[in-house]
Structures are given as C-alpha cells and as structure tokens.
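Some notes on the structure that comes next.
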Amino acid sequence: MSARDRILAKLRAARPAEPNALPDLDAHYTPRARGEAKTERLARFRAGIESFHAEVHISSEADWPALLARLCADKQVATMLYGADTPAGRRLDQATFPATTLRPWAGQVEELKADLFHRVDAGFTQTRGAIAETGTLMLWSSEAEPRTLSLVPPIHFALLDANTIQPTFFDVLRTENWAAGLPTNALLISGPSKTADIQQTLAYGAHGPKELVVIVINAEGDAQ
Amino acid sequence: MSHQPQQQSAGQPIAFVSAQALRARMHDAVNNPHLRQSFRGAMDFLMAKRAAQFPDQDELDSLRSLSEGIRQYSLSKLPELLEQLEANLTRNGVKVHWAETPDEANAIMLGIARQHQAKLIVKGKSMVSEEIEFNHAMEAAGVGALESDMGEYIVQLAGEKPSHIIMPAIHQTKQQIAKLFAEKIPGVDYTDNVDALIRIGRNVLRDKFESADIGLSGVNFAVAETGTLCLVENEGNGRMCTTVPKVHIAITGIEKIVEKLEHVAPLYSILTRSATGQAVSTYFNMISGPRKAGDKDGPEEVHLVLLDNGRSQAYADEQLRKTLQCIRCGACMNHCPVYTRIGGHAYGTTYPGPIGKIVSPHMMGLEQTHLLPTASSLCGACGEVCPVKIPIPELLIRLRGEANSAPHAHPAMVGQGAAYDPKISFVWRMWARLYGRPSTYRAFSWLATRFRALTPRKQSGWTAARTPLQPAPRRLRDMLKDRR
C-alpha cells in the first residue's frame with residue numbers, strides 16, 4: 001500500500017458518518033453589505049491602498065498615458081516593461097514617453113530574465129479590478145501580462161478602471177464566479193512589498209516592488 | 001546577548017532537543033531580561049494591532065463562527081476533499097505526492113532536486129518545511145536550501161530556529177541583526193538602520209531568486225474544487241519562489257484544505273487580522289498550475305507534497321481533531337502569558353506556544369512532549385482569540401490526561417501514559433475516594449484537623465517554591481456550626 005492509500009484509509013476509517021452542513025457564508029456577508037455606489041467604493045479603495053503606502057492617481061481614459069509618461073519622468077524610469085497585446089498596451093504603443101524607453105514584453109522569461117532583474121526600472125500592468133473593503137488590486141496572469149511583470153521591477157504601475165471596483169473579496173468570488181476557471185496565477189495586491197521582520201519596524205521594498213503606483217480611470221465628472 | 005540558551009550550534013535541530021529539558025530551558029528564558037523585553041514588547045504590539053482590526057465585536061463573533069464552521073466542514077469531508085484536490089491539481093498539471101513521515105517528505109523533495117540536478121533551493125516561508133527539518137535534510141544531501149523570508153533568512157544566518165510562526169526573528173533586536181549581517185555577509189558594514197538592513201537582505205536574495213533551480217513554498221489554503229494553492233505573504237519572496245525558478249515545490253499538512261474557493265474569503269480575512277493585525281496582506285497568491293502553453297513565465301513544474309506526520313492520529317479522535325482546524329495565525333502565542341515570558345525557543349518544538357503544545361504531541365509522541373501541555377496556566381486567552389475557535393485549554397487538559405493515565409490497549413495517541421506514575425495515580429485515587437463521599441470526607445477532615453501537626457514540612461514539588469500546606473485548626477463545617 002502506498003503512503004497515499006495508507007493516509008486516506010486512516011482518514012476514511014475515522015471520518016464522521018455524515019459530513020457537517022455546508023457553512024452559510026451569506027448569513028455573514030449579506031447583512032454586512034454596504035451597498036455603496038461607485039464613488040464611495042473608489043474612495044474606500046483609495047483610502048485602503050494608500051494606507052498600505054501605494055500611490056493613487058485619478059485619470060481618464062483619454063489622459064492616462066500622458067499621466068503615466070509624466071510619472072515615469074518624475075520617478076526617473078529609464079525603461080518600463082509592459083504587455084503589448086492588451087488594450088492598454090496598444091494605447092502605450094502610440095504614446096510618447098519623453099524620458100522613458102517603453103519595452104514590450106517579448107519571448108519567454110528566460111530570454112529577458114537578466115534585463116528583468118537588473119535593467120528594467122518599472123513594470124506596467126492592467127488590473128482585473130479591485131476590492132474596496134481592503135484596498136486591494138486583482139491581477140490575473142496572462143500570455144500578454146506575465147506574472148513577473150508586476151513582481152520583479154522596482155516600480156509597479158497598475159491601471160485600474162473605477163467601474164471594476166467591487167465591495168469585498170467574497171463579492172468578487174461570487175459575482176465573477178472565479179471557481180469556474182482560474183488562470184495559472186490569480187493575485188491580490190495591497191501595496192508595495194513590505195516586511196516588519198526586524199523588530200516590528202515596517203520597511204518597504206522587501207523582495208517585490210518598492211513602489212506601487214495605481215492609475216485609476218474614472219470617467220470625467222465623477223469624484224476626483 | 002551573552003546568555004542565549006535558545007541558541008543551538010548550527011546543524012543541531014532544535015526540534016529534537018529533549019522536551020524533558022523544557023523546565024531548564026524555561027528557567028533560562030525567564031532569567032533572560034533581554035529576551036523577555038523583546039517578547040513582551042512584540043506581543044503587546046501584536047495584541048494591540050489585532051484588537052484594532054476587530055472594532056466590531058459582533059462582526060468578529062460572526063466571522064469566527066463562520067471560520068470555525070468552514071474548517072470543521074472541511075475536516076468532516078477530509079478524505080474526499082484530498083482526493084478531489086489531487087484530481088483537480090493533476091488536471092491542472094501539478095504533480096501530487098503523499099508522505100506519512102518527515103523522512104518520506106524529504107526523500108520525495110530530494111528526488112525532485114536530484115532529477116533537476118538542483119544546487120540551490122530558494123525557500124518561501126513554510127512551517128511544515130521546518131517541521132520536517134527540510135534544510136538539514138537537503139544540506140546533508142549536498143543541496144543548498146536558502147530561506148528568503150527576511151525573518152527566516154536572519155534566523156538561518158544565525159543558525160537558529162524560528163521563535164514565532166509568523167515573525168520568526170522576533171527574539172532578535174536590530175542591533176543583533178546588524179552584527180549578524182556584518183559578520184556573515186561579505187562586504188557588509190555594521191548598520192542598525194532597518195531600511196538599510198532590509199536593502200542588504202533584498203540584494204543578497206535577489207541574486208538567489210534569479211539563479212535558484214527550485215523554489216519551495218508552504219500553502220495557506222488548498223482549494224479542492226479548483227485545484228488551487230493559496231499563499232499569504234507581505235514580502236514578495238513567496239511570489240519569487242513560486243514564479244521565477246523552473247520548478248516549484250509546495251508542501252503542506254493534509255489538513256490545510258477547503259472545498260470551495262469562496263471559503264478562502266473569510267478565512268483569509270480572519271487570518272491576516274488575527275496574525276499581524278493587518279486588514280489584508282500585501283499579496284494573496286493563488287496558484288493553479290505550472291506554466292501552460294502560451295504563458296511567458298512561471299515554473300515549468302509544480303509539485304505538491306501532502307504531509308501527514310501525526311495529523312491522521314489527531315483526526316481519528318473527535319475532540320483531538322479540532323487541533324486540525326488551525327490556520328496558523330499565531331494569535332494564540334501572541335496572547336499567551338507563558339509564551340510572552342519564555343519566548344518561542346524554550347518549547348524546543350517547531351511550533352511554539354499554545355498551538356505548539358497541542359499539535360506537537362501528535363507529531364513527536366507524548367514521550368517527548370508530555371510536559372508541553374503542563375506549561376500553561378489554563379487562563380484561556382488562546383481559546384478566546386483563536387479565529388477558528390479551537391478549544392485549546394480543553395485540549396491541553398485532554399493531553400495531560402492522555403499523558404498521565406495508565407497505559408491501555410487502545411490509546412488515542414502515541415505515547416499515551418508517558419507521564420503515568422503509579423504512586424501519583426494512587427494518591428489521586430485515594431483523594432477521589434475520600435472526597436467522593438460525604439461520610440469519608442467528614443471523617444478525613446476530622447482527622448486532618450486533629451493531626452495537623454503531623455503534616456510533613458517537605459511536600460515534594462509543592463514546597464519547591466511555596467510554603468507547605470497544612471490543614472486549618474478547625475473545619476469550616478465546625479465554624480459554621482458555632483455561628484448558628
């Protein structure tokens with residue numbers, strides 16, 4: 001008998017005859033739902049992620065590439081890596097970045113690993129959405145936007161559409177039915193990398209990005 | 001710190017320090033003012049941060065009940081869920097391995113390392129890898145295993161073990177870490193600036209992420225219905241370990257499983273809030289397989305090792321099974337008056353504090369660990385803050401009973417009766433008999449008050465640190481009779 005069979009046999013012999021009743025998650029979440037409008041969700045998301053040391057800029061569909069170019073210049077980003085084959089990537093293809101070389105991700109990670117670790121100053125990604133309750137971004141890895149793009153470069157620029165901010169993680173899992181099909185890597189990000197492992201003193205930029213910059217696309221006329 | 005009883009020489013795993021020596025180590029720890037100051041400060045900090053995350057008692061109560069319900073539900077279906085997890089992970093391209101013992105788990109992972117001719121394994125934080133002494137097993141086989149969580153890296157550099165399951169280097173001051181870095185890392189000068197120290201660690205470890213052959217990680221939640229491994233972290237080293245090297249090996253205890261993806265939402269929330277008082281961790285990483293056709297990065301192979309190591313023994317008993325509800329937040333140790341005074345190393349086990357006292361006996365047997373459940377005042381703080389409502393004090397009493405009862409034919413755990421002493425047992429039986437019936441109790445108390453002068457001055461363990469016990473000159477019942 002294999003280790004697997006022995007472990008399972010022991011567990012089966014001891015398992016209760018009837019499994020417990022399925023826990024009722026709605027009983028906890030439904031009465032606590034806030035029913036916030038988009039503006040309030042954006043405000044709460046912003047307060048949350050800013051409290052985790054992320055930078056948030058509100059922009060519009062038309063203006064965000066110019067804002068990103070300005071931010072790159074301010075932060076002295078010489079090279080920014082991005083995924084070209086996305087709606088945002090196609091906008092960047094046409095944008096002018098006076099101080100920054102835009103480099104589309106090309107090939108497998110092995111081919112650009114050295115550059116990724118040593119020469120790229122920033123990575124740019126879209127986001128799938130965000131969570132208001134905790135100030136959290138949601139990223140799904142894709143062929144166009146690989147996992148290391150938001151991990152290895154010292155600065156991570158993330159583009160967020162204010163319409164995709166949801167109240168809670170639970171709401172996201174439910175309404176978007178993530179269980180029906182997850183990508184290789186789904187990721188929640190709440191701020192730049194940090195640690196408090198030395199005497200409970202908070203320090204940013206432990207192993208991942210030192211800076212997280214969120215650009216929120218919010219239609220004109222909405223809350224700034 | 002000149003007086004450092006918890007420090008072990010490199011290569012001597014602290015988990016196998018005899019638990020019999022617990023009292024001596026506790027004594028040393030209690031007499032180490034630096035250590036006590038470090039832990040007192042850190043625990044006060046963590047308790048305040050946790051409290052700030054739960055301003056609404058009603059929400060906390062509801063979330064705890066829900067989390068307990070999810071963990072108990074998952075355990076009630078554990079064998080099916082493990083099979084479902086295995087099937088879905090396999091479908092996603094993850095190789096699943098099973099290990100009954102630490103040796104088996106290490107052999108599996110060494111086999112993977114050999115197959116890839118790996119020289120360096122870079123590790124994300126994993127208490128299960130500590131539990132099986134992974135680093136030593138790899139080193140013995142000539143494979144490097146490097147911790148990359150900042151706290152774990154510090155502890156490994158110092159040749160120590162974690163003193164806390166969430167904050168491994170909590171016993172070290174920044175000055176000690178500064179000295180350690182200056183001594184152990186080539187080209188580094190002494191600095192006790194925390195930002196500078198973290199920068200040093202970052203630079204050293206970035207090179208390792210880039211060059212390592214294998215990344216190792218633990219698992220916070222394994223989701224059966226999707227075949228997903230969830231990892232909670234702040235630093236990004238967990239993402240590095242699971243993304244950059246060509247091979248990712250995850251290891252977890254068989255109990256860390258939930259059925260539905262939505263079950264992770266409340267557990268994740270209560271985990272970070274209970275552990276470090278964070279509303280959310282920086283990263284929540286959900287891995288559902290290796291690099292697929294079209295993917296541009298990620299490991300080409302992902303392995304999951306499912307470890308038993310005594311968990312199925314706990315599972316077999318309805319009460320002891322509650323031990324497996326644990327989501328490893330560490331709140332029980334943060335709130336434990338014993339842990340705060342003696343620190344994590346004095347326990348001599350991988351998992352310190354209240355959770356360590358109830359889980360270690362299943363991993364190591366009661367012969368080694370029967371003193372652990374006695375290192376508690378049973379104040380109940382651990383049970384009160386536990387996010388999944390593990391009745392830790394009840395389990396401590398149960399384990400004391402298991403250790404002290406006469407050995408019998410169908411023990412619930414290995415080492416049952418390890419602390420059994422026929423003499424002590426006889427004394428307690430006599431006591432029960434005297435106190436069990438009014439007539440014998442009356443006769444006994446009558447005699448005890450008359451012959452109180454004969455009470456021995458030395459009363460074994462009691463008088464080691466206390467004045468001797470002596471019956472009162474008059475019984476309460478007689479005093480009451482006088483008043484009437």
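Ordering of the structure tokens sets the chain letters (A, B, ...); residue numbers start at 1 within each chain; ligands are numbered from 1 in the order shown.
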Requested in this report: Hey, list the chain A side of the contact with chain B: 7 Å cut-off, only C-alpha atoms, answer as a ChimeraX atom specification.
Outcome: /A:3-4,7-8,10-12,14-16,19-23,28,107-109,134,142-143,146-147,169-170,173,179,182-195,197-199,203,206-208
Query - Test item, strand (DSSP E or B) assignment across segment 112-187 of chain A, answer as a ChimeraX atom specification - result: /A:122-126,129-131,136-140,155-161,165-166,185-187
Requested in this report: Give me every alpha helix (DSSP H) residue in segment 6-212 of chain A, going by DSSP on the backbone, as a VMD selection string.
Outcome: chain A and resid 6 to 14 25 to 29 38 to 51 64 to 74 87 to 94 109 to 118 169 to 175
Query - atom CA of Thr125 of chain A to atom CA of Ile270 of chain B, straight-line distance in Å - result: 29.1 Å
Query raised in the report: Do you know which residues are at most 12 Å from Ile132 of chain B counting only C-alpha atoms, after dropping those on the same chain fewer than 6 positions away, and could you put them as a count of residues only?
Result: 29
**Report entry** Minimum-distance residue to Asp28 of chain B, chosen among B:Phe54, B:Phe221, B:Tyr347, B:Phe134 (using only C-alpha atoms)
**Finding:**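 That would be B:Tyr347, the residue with the smallest distance to Asp28 of chain B.
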Query raised in the report: What's the 7 Å shell around Val56 of chain A, counting only C-alpha atoms, without same-chain residues fewer than 2 positions away, as number ranges by chain?
Result: A: 46, 50, 54, 58, 213-215
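A straight line drawn from atom CA of Asn218 of chain A to atom CA of Leu160 of chain A is 8.8 Å long.
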Need to verify the contact set: His335 of chain B, 8 Å, only C-alpha atoms, exclusion of same-chain residues closer than 2 positions in sequence. Can you return it as a PDB file with N, CA, C and O atoms, in the first residue's frame?
ATOM      1  N   MET B  43       4.738  41.226  21.713  1.00  0.00           N
ATOM      2  CA  MET B  43       3.401  40.670  21.931  1.00  0.00           C
ATOM      3  C   MET B  43       2.390  41.784  22.224  1.00  0.00           C
ATOM      4  O   MET B  43       1.258  41.749  21.756  1.00  0.00           O
ATOM      5  N   MET B  47      -0.832  42.306  19.933  1.00  0.00           N
ATOM      6  CA  MET B  47      -2.177  42.254  20.534  1.00  0.00           C
ATOM      7  C   MET B  47      -2.959  43.528  20.228  1.00  0.00           C
ATOM      8  O   MET B  47      -4.141  43.479  19.895  1.00  0.00           O
ATOM      9  N   ALA B 331      -2.058  33.897  16.732  1.00  0.00           N
ATOM     10  CA  ALA B 331      -2.701  34.756  17.734  1.00  0.00           C
ATOM     11  C   ALA B 331      -2.628  34.121  19.119  1.00  0.00           C
ATOM     12  O   ALA B 331      -2.518  34.824  20.129  1.00  0.00           O
ATOM     13  N   CYS B 332      -2.688  32.798  19.184  1.00  0.00           N
ATOM     14  CA  CYS B 332      -2.654  32.137  20.500  1.00  0.00           C
ATOM     15  C   CYS B 332      -1.339  32.395  21.212  1.00  0.00           C
ATOM     16  O   CYS B 332      -1.321  32.618  22.427  1.00  0.00           O
ATOM     17  N   MET B 333      -0.238  32.397  20.454  1.00  0.00           N
ATOM     18  CA  MET B 333       1.041  32.685  21.124  1.00  0.00           C
ATOM     19  C   MET B 333       1.158  34.165  21.468  1.00  0.00           C
ATOM     20  O   MET B 333       1.665  34.519  22.524  1.00  0.00           O
ATOM     21  N   PRO B 337       0.382  34.248  28.117  1.00  0.00           N
ATOM     22  CA  PRO B 337       1.296  34.777  29.129  1.00  0.00           C
ATOM     23  C   PRO B 337       2.553  33.919  29.290  1.00  0.00           C
ATOM     24  O   PRO B 337       3.614  34.441  29.634  1.00  0.00           O
ATOM     25  N   THR B 340       4.832  34.685  26.162  1.00  0.00           N
ATOM     26  CA  THR B 340       5.403  36.025  26.284  1.00  0.00           C
ATOM     27  C   THR B 340       6.594  36.039  27.240  1.00  0.00           C
ATOM     28  O   THR B 340       7.541  36.783  27.041  1.00  0.00           O
ATOM     29  N   ALA B 381      -6.804  32.514  27.349  1.00  0.00           N
ATOM     30  CA  ALA B 381      -6.653  33.589  26.348  1.00  0.00           C
ATOM     31  C   ALA B 381      -6.523  33.019  24.936  1.00  0.00           C
ATOM     32  O   ALA B 381      -7.095  33.550  23.987  1.00  0.00           O
ATOM     33  N   CYS B 382      -5.782  31.916  24.802  1.00  0.00           N
ATOM     34  CA  CYS B 382      -5.564  31.322  23.477  1.00  0.00           C
ATOM     35  C   CYS B 382      -6.887  30.912  22.833  1.00  0.00           C
ATOM     36  O   CYS B 382      -7.138  31.195  21.667  1.00  0.00           O
ATOM     37  N   VAL B 385      -9.017  33.989  21.613  1.00  0.00           N
ATOM     38  CA  VAL B 385      -8.641  34.738  20.411  1.00  0.00           C
ATOM     39  C   VAL B 385      -8.555  33.858  19.181  1.00  0.00           C
ATOM     40  O   VAL B 385      -8.459  34.370  18.068  1.00  0.00           O
TER      41      VAL B 385
END
Report task. Show which residues sit within 8 Å of segment 32-39 of chain A, as number ranges by chain. Count only C-alpha atoms, and ignore same-chain residues fewer than 3 positions away. Result -> A: 28-29, 42-43, 162-163, 165, 167, 222-223
